[in-house]
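What follows is input36.cif (mmCIF, C-alpha atoms).
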data_input
#
loop_
_atom_site.group_PDB
_atom_site.id
_atom_site.type_symbol
_atom_site.label_atom_id
_atom_site.label_comp_id
_atom_site.auth_asym_id
_atom_site.auth_seq_id
_atom_site.Cartn_x
_atom_site.Cartn_y
_atom_site.Cartn_z
ATOM 1 C CA MET Z 1 -26.266 -142.869 -96.416
ATOM 2 C CA THR Z 2 -23.705 -140.117 -95.949
ATOM 3 C CA THR Z 3 -22.828 -137.520 -93.394
ATOM 4 C CA ALA Z 4 -23.479 -134.627 -95.775
ATOM 5 C CA SER Z 5 -26.763 -133.766 -94.057
ATOM 6 C CA ALA Z 6 -25.671 -134.762 -90.568
ATOM 7 C CA PRO Z 7 -26.962 -132.408 -87.850
ATOM 8 C CA SER Z 8 -24.417 -130.021 -86.367
ATOM 9 C CA THR Z 9 -24.966 -131.283 -82.818
ATOM 10 C CA VAL Z 10 -25.741 -134.848 -81.777
ATOM 11 C CA THR Z 11 -26.269 -136.412 -78.382
ATOM 12 C CA VAL Z 12 -24.229 -139.493 -77.531
ATOM 13 C CA ALA Z 13 -25.337 -141.697 -74.636
ATOM 14 C CA CYS Z 14 -23.405 -144.513 -72.962
ATOM 15 C CA CYS Z 15 -25.352 -146.952 -70.798
ATOM 16 C CA GLN Z 16 -23.445 -148.546 -67.928
ATOM 17 C CA LEU Z 17 -25.390 -151.697 -67.121
ATOM 18 C CA ALA Z 18 -25.071 -154.828 -64.984
ATOM 19 C CA PRO Z 19 -25.786 -157.816 -67.245
ATOM 20 C CA GLN Z 20 -25.667 -161.279 -65.693
ATOM 21 C CA VAL Z 21 -24.207 -164.292 -67.415
ATOM 22 C CA GLY Z 22 -26.876 -166.669 -68.656
ATOM 23 C CA ARG Z 23 -29.832 -164.370 -67.992
ATOM 24 C CA THR Z 24 -30.342 -163.382 -71.602
ATOM 25 C CA THR Z 25 -34.033 -162.491 -71.349
ATOM 26 C CA ASP Z 26 -33.394 -160.248 -68.337
ATOM 27 C CA ASN Z 27 -30.362 -158.724 -70.040
ATOM 28 C CA ARG Z 28 -32.344 -157.834 -73.141
ATOM 29 C CA ALA Z 29 -35.097 -156.275 -71.014
ATOM 30 C CA ARG Z 30 -32.491 -154.238 -69.108
ATOM 31 C CA ILE Z 31 -30.985 -153.081 -72.400
ATOM 32 C CA GLU Z 32 -34.347 -152.061 -73.844
ATOM 33 C CA SER Z 33 -35.166 -150.041 -70.733
ATOM 34 C CA ALA Z 34 -31.780 -148.306 -70.881
ATOM 35 C CA VAL Z 35 -32.036 -147.489 -74.588
ATOM 36 C CA ARG Z 36 -35.492 -146.020 -74.069
ATOM 37 C CA ALA Z 37 -34.235 -143.987 -71.130
ATOM 38 C CA ALA Z 38 -31.329 -142.717 -73.237
ATOM 39 C CA ALA Z 39 -33.736 -141.779 -76.028
ATOM 40 C CA GLY Z 40 -35.740 -139.863 -73.433
ATOM 41 C CA LYS Z 41 -32.578 -137.866 -72.716
ATOM 42 C CA GLY Z 42 -32.378 -136.956 -76.409
ATOM 43 C CA ALA Z 43 -29.817 -139.556 -77.461
ATOM 44 C CA ASP Z 44 -29.079 -139.958 -81.160
ATOM 45 C CA ILE Z 45 -26.357 -142.571 -80.597
ATOM 46 C CA VAL Z 46 -26.495 -145.140 -77.785
ATOM 47 C CA VAL Z 47 -23.493 -147.252 -76.776
ATOM 48 C CA LEU Z 48 -23.903 -150.416 -74.674
ATOM 49 C CA PRO Z 49 -21.339 -152.671 -72.948
ATOM 50 C CA GLU Z 50 -19.372 -155.630 -74.279
ATOM 51 C CA LEU Z 51 -21.253 -158.969 -74.356
ATOM 52 C CA ALA Z 52 -24.369 -157.129 -73.223
ATOM 53 C CA ASN Z 53 -26.726 -159.920 -74.238
ATOM 54 C CA SER Z 54 -24.960 -162.805 -72.531
ATOM 55 C CA GLY Z 55 -22.929 -161.532 -69.588
ATOM 56 C CA TYR Z 56 -19.208 -162.172 -69.415
ATOM 57 C CA VAL Z 57 -17.858 -164.665 -66.852
ATOM 58 C CA PHE Z 58 -18.491 -168.025 -68.494
ATOM 59 C CA GLU Z 59 -17.795 -171.304 -66.748
ATOM 60 C CA SER Z 60 -16.914 -173.186 -69.902
ATOM 61 C CA ALA Z 61 -16.844 -173.129 -73.684
ATOM 62 C CA ASP Z 62 -20.091 -175.108 -73.659
ATOM 63 C CA GLU Z 63 -21.824 -172.411 -71.621
ATOM 64 C CA LEU Z 64 -20.529 -169.724 -73.984
ATOM 65 C CA LEU Z 65 -21.800 -171.594 -77.043
ATOM 66 C CA SER Z 66 -25.196 -172.121 -75.389
ATOM 67 C CA LEU Z 67 -25.585 -168.364 -74.865
ATOM 68 C CA ALA Z 68 -24.154 -167.060 -78.148
ATOM 69 C CA GLU Z 69 -26.623 -166.033 -80.858
ATOM 70 C CA PRO Z 70 -26.451 -165.801 -84.650
ATOM 71 C CA ILE Z 71 -26.274 -162.365 -86.188
ATOM 72 C CA ASP Z 72 -29.966 -162.627 -87.107
ATOM 73 C CA GLY Z 73 -30.991 -163.915 -83.663
ATOM 74 C CA PRO Z 74 -33.480 -162.416 -81.202
ATOM 75 C CA THR Z 75 -31.104 -159.878 -79.657
ATOM 76 C CA ILE Z 76 -30.153 -158.221 -82.933
ATOM 77 C CA ARG Z 77 -33.774 -158.293 -84.133
ATOM 78 C CA GLU Z 78 -34.860 -156.525 -80.934
ATOM 79 C CA TRP Z 79 -32.147 -153.903 -81.308
ATOM 80 C CA GLU Z 80 -33.095 -153.304 -84.940
ATOM 81 C CA ALA Z 81 -36.714 -152.738 -83.892
ATOM 82 C CA LEU Z 82 -35.623 -150.321 -81.145
ATOM 83 C CA ALA Z 83 -33.379 -148.339 -83.479
ATOM 84 C CA ARG Z 84 -36.153 -148.136 -86.057
ATOM 85 C CA GLU Z 85 -38.800 -147.057 -83.525
ATOM 86 C CA LEU Z 86 -36.608 -144.511 -81.733
ATOM 87 C CA ARG Z 87 -34.727 -143.387 -84.866
ATOM 88 C CA LEU Z 88 -31.289 -143.685 -83.321
ATOM 89 C CA VAL Z 89 -28.038 -145.603 -83.644
ATOM 90 C CA ILE Z 90 -27.267 -148.494 -81.291
ATOM 91 C CA VAL Z 91 -23.706 -149.757 -80.841
ATOM 92 C CA SER Z 92 -23.295 -152.778 -78.596
ATOM 93 C CA GLY Z 93 -21.272 -155.853 -77.872
ATOM 94 C CA PHE Z 94 -22.826 -159.312 -78.005
ATOM 95 C CA ALA Z 95 -21.855 -162.973 -77.975
ATOM 96 C CA GLU Z 96 -22.111 -164.113 -81.593
ATOM 97 C CA LEU Z 97 -22.551 -167.670 -82.797
ATOM 98 C CA GLY Z 98 -21.018 -167.704 -86.264
ATOM 99 C CA ALA Z 99 -22.255 -169.756 -89.177
ATOM 100 C CA ASP Z 100 -19.076 -171.793 -88.674
ATOM 101 C CA GLY Z 101 -20.281 -172.866 -85.225
ATOM 102 C CA ARG Z 102 -17.663 -170.762 -83.444
ATOM 103 C CA ALA Z 103 -18.225 -168.107 -80.799
ATOM 104 C CA TYR Z 104 -17.085 -164.524 -81.352
ATOM 105 C CA ASN Z 105 -16.904 -161.554 -79.006
ATOM 106 C CA SER Z 106 -18.605 -159.203 -81.425
ATOM 107 C CA GLY Z 107 -19.904 -155.687 -81.771
ATOM 108 C CA VAL Z 108 -22.694 -154.354 -83.952
ATOM 109 C CA LEU Z 109 -23.776 -150.975 -85.253
ATOM 110 C CA ILE Z 110 -27.487 -150.664 -85.983
ATOM 111 C CA ASP Z 111 -29.494 -147.683 -87.212
ATOM 112 C CA GLU Z 112 -33.111 -147.228 -88.203
ATOM 113 C CA THR Z 113 -32.484 -149.070 -91.495
ATOM 114 C CA GLY Z 114 -31.187 -152.175 -89.707
ATOM 115 C CA LEU Z 115 -27.815 -153.796 -89.095
ATOM 116 C CA ARG Z 116 -25.109 -151.632 -90.685
ATOM 117 C CA ALA Z 117 -21.930 -153.341 -89.459
ATOM 118 C CA ALA Z 118 -20.778 -156.321 -87.428
ATOM 119 C CA TYR Z 119 -17.267 -156.666 -86.063
ATOM 120 C CA ARG Z 120 -15.459 -159.511 -84.290
ATOM 121 C CA LYS Z 121 -13.020 -158.541 -81.537
ATOM 122 C CA ALA Z 122 -9.482 -159.074 -82.824
ATOM 123 C CA HIS Z 123 -7.584 -158.936 -79.518
ATOM 124 C CA LEU Z 124 -8.892 -161.408 -76.953
ATOM 125 C CA TRP Z 125 -8.468 -160.700 -73.256
ATOM 126 C CA ASN Z 126 -7.319 -163.270 -70.692
ATOM 127 C CA ALA Z 127 -9.921 -166.050 -70.222
ATOM 128 C CA GLU Z 128 -11.596 -165.179 -73.517
ATOM 129 C CA LYS Z 129 -8.780 -167.264 -75.012
ATOM 130 C CA THR Z 130 -9.771 -170.339 -72.968
ATOM 131 C CA TRP Z 131 -13.561 -169.968 -73.062
ATOM 132 C CA GLY Z 132 -13.545 -170.693 -76.777
ATOM 133 C CA PHE Z 133 -13.833 -167.287 -78.414
ATOM 134 C CA THR Z 134 -12.276 -167.090 -81.866
ATOM 135 C CA PRO Z 135 -10.486 -163.789 -82.603
ATOM 136 C CA GLY Z 136 -11.688 -161.756 -85.540
ATOM 137 C CA ASP Z 137 -9.401 -161.097 -88.486
ATOM 138 C CA GLN Z 138 -11.033 -158.103 -90.159
ATOM 139 C CA PRO Z 139 -10.358 -154.393 -89.565
ATOM 140 C CA PRO Z 140 -12.835 -152.414 -87.445
ATOM 141 C CA PRO Z 141 -15.637 -150.866 -89.514
ATOM 142 C CA VAL Z 142 -16.290 -147.177 -90.020
ATOM 143 C CA VAL Z 143 -19.877 -146.415 -91.003
ATOM 144 C CA ASP Z 144 -21.618 -143.333 -92.376
ATOM 145 C CA THR Z 145 -24.756 -142.762 -90.299
ATOM 146 C CA PRO Z 146 -27.345 -139.971 -90.231
ATOM 147 C CA PHE Z 147 -25.420 -138.449 -87.294
ATOM 148 C CA GLY Z 148 -21.808 -138.787 -88.381
ATOM 149 C CA ARG Z 149 -19.076 -141.217 -89.276
ATOM 150 C CA ILE Z 150 -18.770 -143.888 -86.567
ATOM 151 C CA GLY Z 151 -16.087 -146.499 -85.910
ATOM 152 C CA LEU Z 152 -16.512 -149.625 -83.805
ATOM 153 C CA MET Z 153 -14.177 -151.882 -81.838
ATOM 154 C CA VAL Z 154 -14.428 -153.917 -78.631
ATOM 155 C CA CYS Z 155 -12.651 -153.432 -75.281
ATOM 156 C CA TYR Z 156 -9.034 -154.728 -75.434
ATOM 157 C CA ASP Z 157 -8.865 -153.616 -79.095
ATOM 158 C CA LEU Z 158 -8.710 -150.060 -77.761
ATOM 159 C CA GLU Z 159 -5.325 -150.798 -76.145
ATOM 160 C CA PHE Z 160 -3.599 -151.100 -79.539
ATOM 161 C CA PRO Z 161 -2.662 -147.717 -81.036
ATOM 162 C CA GLU Z 162 -2.223 -149.225 -84.507
ATOM 163 C CA TRP Z 163 -5.794 -150.539 -84.465
ATOM 164 C CA VAL Z 164 -7.265 -147.269 -83.221
ATOM 165 C CA ARG Z 165 -5.267 -145.368 -85.833
ATOM 166 C CA LYS Z 166 -6.838 -147.467 -88.615
ATOM 167 C CA VAL Z 167 -10.271 -146.216 -87.599
ATOM 168 C CA ALA Z 168 -9.076 -142.624 -87.371
ATOM 169 C CA LEU Z 169 -7.407 -142.748 -90.782
ATOM 170 C CA ALA Z 170 -10.639 -144.179 -92.219
ATOM 171 C CA GLY Z 171 -12.331 -140.938 -91.209
ATOM 172 C CA ALA Z 172 -14.130 -141.867 -88.003
ATOM 173 C CA GLU Z 173 -15.445 -138.834 -86.161
ATOM 174 C CA LEU Z 174 -16.620 -140.947 -83.234
ATOM 175 C CA LEU Z 175 -15.145 -144.260 -82.080
ATOM 176 C CA CYS Z 176 -17.572 -146.361 -80.034
ATOM 177 C CA GLY Z 177 -16.201 -149.031 -77.713
ATOM 178 C CA PRO Z 178 -18.358 -151.542 -75.847
ATOM 179 C CA VAL Z 179 -16.128 -152.716 -72.963
ATOM 180 C CA ASN Z 180 -16.067 -154.867 -69.810
ATOM 181 C CA TRP Z 181 -13.183 -153.514 -67.720
ATOM 182 C CA PRO Z 182 -12.277 -155.713 -64.716
ATOM 183 C CA LEU Z 183 -11.643 -153.787 -61.508
ATOM 184 C CA TYR Z 184 -7.940 -153.611 -60.635
ATOM 185 C CA PRO Z 185 -6.142 -151.802 -57.781
ATOM 186 C CA ARG Z 186 -4.666 -148.383 -58.557
ATOM 187 C CA PRO Z 187 -2.778 -145.754 -56.568
ATOM 188 C CA GLU Z 188 -4.995 -143.556 -54.433
ATOM 189 C CA GLY Z 189 -6.196 -140.490 -56.276
ATOM 190 C CA GLU Z 190 -5.235 -141.792 -59.713
ATOM 191 C CA ARG Z 191 -7.658 -141.922 -62.611
ATOM 192 C CA PRO Z 192 -8.078 -145.525 -63.858
ATOM 193 C CA GLY Z 193 -5.476 -146.413 -66.474
ATOM 194 C CA GLU Z 194 -8.160 -147.699 -68.840
ATOM 195 C CA ILE Z 195 -9.696 -144.230 -68.978
ATOM 196 C CA VAL Z 196 -6.308 -142.546 -69.390
ATOM 197 C CA ARG Z 197 -5.671 -144.713 -72.446
ATOM 198 C CA ILE Z 198 -9.059 -143.805 -73.923
ATOM 199 C CA GLN Z 199 -8.201 -140.136 -73.452
ATOM 200 C CA ALA Z 200 -4.934 -140.779 -75.300
ATOM 201 C CA ASP Z 201 -6.781 -142.586 -78.122
ATOM 202 C CA ALA Z 202 -8.961 -139.521 -78.571
ATOM 203 C CA ALA Z 203 -6.203 -136.916 -78.309
ATOM 204 C CA VAL Z 204 -3.595 -138.473 -80.595
ATOM 205 C CA ASN Z 205 -6.208 -139.000 -83.301
ATOM 206 C CA ARG Z 206 -8.340 -135.924 -82.619
ATOM 207 C CA MET Z 207 -11.645 -137.796 -82.614
ATOM 208 C CA PHE Z 208 -14.437 -138.369 -80.135
ATOM 209 C CA VAL Z 209 -14.425 -141.675 -78.256
ATOM 210 C CA ALA Z 210 -17.420 -143.110 -76.382
ATOM 211 C CA VAL Z 211 -16.921 -146.141 -74.152
ATOM 212 C CA ALA Z 212 -19.724 -148.016 -72.387
ATOM 213 C CA ASP Z 213 -18.470 -150.151 -69.504
ATOM 214 C CA ARG Z 214 -20.428 -152.514 -67.268
ATOM 215 C CA THR Z 215 -20.874 -152.795 -63.517
ATOM 216 C CA GLY Z 216 -22.307 -155.233 -60.968
ATOM 217 C CA PRO Z 217 -20.498 -158.294 -59.536
ATOM 218 C CA GLU Z 218 -20.657 -161.414 -61.677
ATOM 219 C CA ARG Z 219 -19.447 -164.787 -60.360
ATOM 220 C CA GLY Z 220 -16.992 -163.043 -58.051
ATOM 221 C CA GLN Z 221 -15.695 -160.612 -60.663
ATOM 222 C CA HIS Z 222 -16.071 -156.884 -60.002
ATOM 223 C CA TRP Z 223 -15.917 -154.246 -62.717
ATOM 224 C CA LEU Z 224 -14.517 -150.753 -63.004
ATOM 225 C CA GLY Z 225 -17.639 -149.081 -64.327
ATOM 226 C CA GLY Z 226 -15.548 -146.537 -66.213
ATOM 227 C CA THR Z 227 -18.019 -145.403 -68.852
ATOM 228 C CA VAL Z 228 -16.840 -142.149 -70.430
ATOM 229 C CA ILE Z 229 -17.208 -139.905 -73.481
ATOM 230 C CA VAL Z 230 -14.040 -138.035 -74.496
ATOM 231 C CA ASP Z 231 -13.527 -135.088 -76.849
ATOM 232 C CA PRO Z 232 -10.849 -134.731 -79.569
ATOM 233 C CA ASP Z 233 -8.547 -132.918 -77.155
ATOM 234 C CA GLY Z 234 -8.639 -135.947 -74.858
ATOM 235 C CA TYR Z 235 -10.806 -134.403 -72.142
ATOM 236 C CA PRO Z 236 -13.762 -136.282 -70.600
ATOM 237 C CA LEU Z 237 -17.164 -134.768 -71.324
ATOM 238 C CA THR Z 238 -19.013 -136.898 -68.774
ATOM 239 C CA PRO Z 239 -18.673 -137.603 -65.044
ATOM 240 C CA LEU Z 240 -17.550 -141.018 -63.850
ATOM 241 C CA HIS Z 241 -20.015 -143.319 -62.108
ATOM 242 C CA LEU Z 242 -17.595 -145.956 -60.873
ATOM 243 C CA GLY Z 243 -19.343 -149.071 -59.632
ATOM 244 C CA GLU Z 244 -22.957 -148.136 -60.366
ATOM 245 C CA GLU Z 245 -25.452 -148.307 -63.180
ATOM 246 C CA ALA Z 246 -25.776 -145.027 -65.035
ATOM 247 C CA ILE Z 247 -26.566 -143.368 -68.338
ATOM 248 C CA VAL Z 248 -24.241 -140.545 -69.326
ATOM 249 C CA THR Z 249 -24.788 -138.194 -72.241
ATOM 250 C CA ALA Z 250 -22.833 -135.554 -74.099
ATOM 251 C CA SER Z 251 -23.950 -133.202 -76.855
ATOM 252 C CA VAL Z 252 -21.174 -132.956 -79.411
ATOM 253 C CA VAL Z 253 -20.398 -131.565 -82.843
ATOM 254 C CA LEU Z 254 -18.843 -134.599 -84.503
ATOM 255 C CA SER Z 255 -17.569 -132.599 -87.472
ATOM 256 C CA GLU Z 256 -14.999 -131.055 -85.105
ATOM 257 C CA ALA Z 257 -13.130 -134.368 -85.353
ATOM 258 C CA ARG Z 258 -12.391 -133.684 -89.024
ATOM 259 C CA ASN Z 259 -9.957 -130.950 -87.978
ATOM 260 C CA LYS Z 260 -6.665 -132.651 -87.122
ATOM 261 C CA ALA Z 261 -4.696 -129.461 -86.480
ATOM 262 C CA ILE Z 262 -3.107 -128.953 -83.054
ATOM 263 C CA SER Z 263 -1.199 -125.770 -83.899
ATOM 264 C CA GLU Z 264 -0.786 -123.442 -86.845
ATOM 265 C CA ARG Z 265 1.774 -125.783 -88.363
ATOM 266 C CA ASN Z 266 0.903 -129.201 -86.952
ATOM 267 C CA ASP Z 267 -1.648 -131.796 -87.968
ATOM 268 C CA VAL Z 268 -1.788 -135.169 -86.219
ATOM 269 C CA HIS Z 269 -2.473 -136.949 -89.502
ATOM 270 C CA GLY Z 270 -0.652 -134.688 -91.932
ATOM 271 C CA ASP Z 271 2.581 -134.834 -89.898
ATOM 272 C CA ARG Z 272 2.755 -138.630 -89.937
ATOM 273 C CA ARG Z 273 5.827 -140.197 -91.609
ATOM 274 C CA PRO Z 274 4.863 -143.830 -92.266
ATOM 275 C CA GLU Z 275 7.972 -144.407 -94.361
ATOM 276 C CA LEU Z 276 10.030 -144.007 -91.185
ATOM 277 C CA TYR Z 277 7.776 -146.137 -89.007
ATOM 278 C CA GLU Z 278 7.999 -149.078 -91.393
ATOM 279 C CA ARG Z 279 11.760 -149.227 -90.832
ATOM 280 C CA ILE Z 280 11.561 -149.343 -87.043
ATOM 281 C CA GLY Z 281 12.633 -152.747 -85.820
ATOM 282 C CA THR Z 282 13.830 -153.876 -89.232
ATOM 283 C CA GLU Z 283 17.330 -152.407 -89.153
ATOM 284 C CA PRO Z 284 20.273 -153.740 -87.118
ATOM 285 C CA SER Z 285 21.107 -151.741 -83.993
#
Just dump the structure as structure tokens.
Amino acid sequence: MTTASAPSTVTVACCQLAPQVGRTTDNRARIESAVRAAAGKGADIVVLPELANSGYVFESADELLSLAEPIDGPTIREWEALARELRLVIVSGFAELGADGRAYNSGVLIDETGLRAAYRKAHLWNAEKTWGFTPGDQPPPVVDTPFGRIGLMVCYDLEFPEWVRKVALAGAELLCGPVNWPLYPRPEGERPGEIVRIQADAAVNRMFVAVADRTGPERGQHWLGGTVIVDPDGYPLTPLHLGEEAIVTASVVLSEARNKAISERNDVHGDRRPELYERIGTEPS
């Protein structure tokens, strides 16, 4: 499957939901309803939050393992059926139980043909390190879909410019990020730092970025609810719905992300000088 026949304009939807830890049946029903609603808005690509099947705030490693599912478990099978029926792409986070018996904070990309890519979060955040998640050790995938070339990574991964650059250099036109952003204080009137960094990810790589955050209190934890879709210039294409469930959409021409020029004589990929970067930190001051 290639992007050669990809439509010129596609609609990307991000669903900001309120999953609850342990309520997997309810979470899956909430996800199905949201995906169908997004399809009703014309969505070709639907992005869902991190750990959407399980919820996030675990009490213990045992609870995490009891809620994690294998890659061929009921959640992924349901998402495959939805993608096939609605003829769209679903990108979501989920709690994966690996064949090795370990838990992974994973993401999947599914289209109407089935599971296309699975990715295990490489950079674990805070309590994820004590709940028993194992970090992934493989680069984020970039997949040719009927709508364009899509990259996938999960939440804290997006904070690492080197990791985001790998996806961009692999030709991603759209980077999808399932996230769960905890709510932190910020100066009055300031845009949340998490969103600023997503705008930077998009601008310095000249690619679209779509992030689906979550909302709703969970075991005393509140969430930012910073779902956003950003264009290759780094500008948000969608309004913020901080602290509430929402579905946001943007109609985009993903092929615009193939143009890396920012002036007549500058190209954000062509101007790179990796031979210099490799020396940074290796020479005596």
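Compared by their closest atoms to Asp44 in chain Z, and using only C-alpha atoms, the residues Z:Ser255, Z:Gln138, Z:Ser263, Z:Thr249 rank with Z:Thr249 nearest.
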Which residues, named as in the file, does the PyMOL selection byres ((chain Z and resi 110) around 9) pick out? Answer as a ChimeraX atom specification.
/Z:76,79-80,83,88-92,108-109,111-118
Test item: which residues lie within 10 Å of (-19.3, -130.2, -84.8) counting only C-alpha atoms, as a PyMOL selection string
chain Z and resi 6-10+148+173+251-259
Using C-alpha atoms, can you write the selected residues to a file as a PDB file, in the coordinates of the input?
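selection-v8.pdb, freshly written:
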ATOM      1  CA  ALA Z   6     -25.671-134.762 -90.568  1.00  0.00           C
ATOM      2  CA  PRO Z   7     -26.962-132.408 -87.850  1.00  0.00           C
ATOM      3  CA  SER Z   8     -24.417-130.021 -86.367  1.00  0.00           C
ATOM      4  CA  THR Z   9     -24.966-131.283 -82.818  1.00  0.00           C
ATOM      5  CA  VAL Z  10     -25.741-134.848 -81.777  1.00  0.00           C
ATOM      6  CA  GLY Z 148     -21.808-138.787 -88.381  1.00  0.00           C
ATOM      7  CA  GLU Z 173     -15.445-138.834 -86.161  1.00  0.00           C
ATOM      8  CA  SER Z 251     -23.950-133.202 -76.855  1.00  0.00           C
ATOM      9  CA  VAL Z 252     -21.174-132.956 -79.411  1.00  0.00           C
ATOM     10  CA  VAL Z 253     -20.398-131.565 -82.843  1.00  0.00           C
ATOM     11  CA  LEU Z 254     -18.843-134.599 -84.503  1.00  0.00           C
ATOM     12  CA  SER Z 255     -17.569-132.599 -87.472  1.00  0.00           C
ATOM     13  CA  GLU Z 256     -14.999-131.055 -85.105  1.00  0.00           C
ATOM     14  CA  ALA Z 257     -13.130-134.368 -85.353  1.00  0.00           C
ATOM     15  CA  ARG Z 258     -12.391-133.684 -89.024  1.00  0.00           C
ATOM     16  CA  ASN Z 259      -9.957-130.950 -87.978  1.00  0.00           C
TER      17      ASN Z 259
END
Enumerate, as a list in words, the residues matched when the PyMOL selection byres ((chain Z and resi 221) around 10) is run on the file above.
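With the PyMOL selection byres ((chain Z and resi 221) around 10) on this model, the match is Tyr56, Val57, Pro182, Leu183, Thr215, Gly216, Pro217, Glu218, Arg219, Gly220, His222 and Trp223 of chain Z.
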Let me know the residues the PyMOL selection byres ((chain Z and resi 14) around 9) catches in the file above, as a ChimeraX atom specification.
/Z:12-13,15-16,38,45-49,210-213,227-229,246-249
Could you give me, as a ChimeraX atom specification, the residues within 9 Å of range 152-164 of chain Z, counting all atoms listed in the file and dropping anything in the same chain fewer than 4 positions from it?
/Z:50,91-93,105-109,117-125,139-143,168-169,174-181,194,197-198,201,205,211,213
Taking only C-alpha atoms into account, which of Z:Ile195, Z:Pro74, Z:Phe58, Z:Ile280 comes nearest Thr238 in chain Z?
Z:Ile195
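For the pair CA of Gly132 in chain Z and CA of Gly98 in chain Z, the interatomic distance is 12.4 Å.
Nearest to Pro135 in chain Z of all the residues Z:Ile150, Z:Leu237, Z:Ala103, Z:Ala52 is Z:Ala103, counting only C-alpha atoms.
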Best match for closeness to Asn27 in chain Z among Z:Glu244, Z:Asp137, Z:Glu59, Z:Glu78, counting only C-alpha atoms
Z:Glu78
What is the CA of Ala18 in chain Z to CA of Ala99 in chain Z distance in Å?
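Interatomic distance here is 28.6 Å.
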Give me, please, the distance in Å between CA of Leu67 in chain Z and CA of Ser54 in chain Z, quoted to one decimal.
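Computing it gives 6.1 Å between the two atoms.
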Let me make sure I understand: among Z:Ser33, Z:Asn266, Z:Thr11, Z:Gln199, which one has the smallest atom-to-atom distance to Leu82 in chain Z if we use only C-alpha atoms?
Z:Ser33
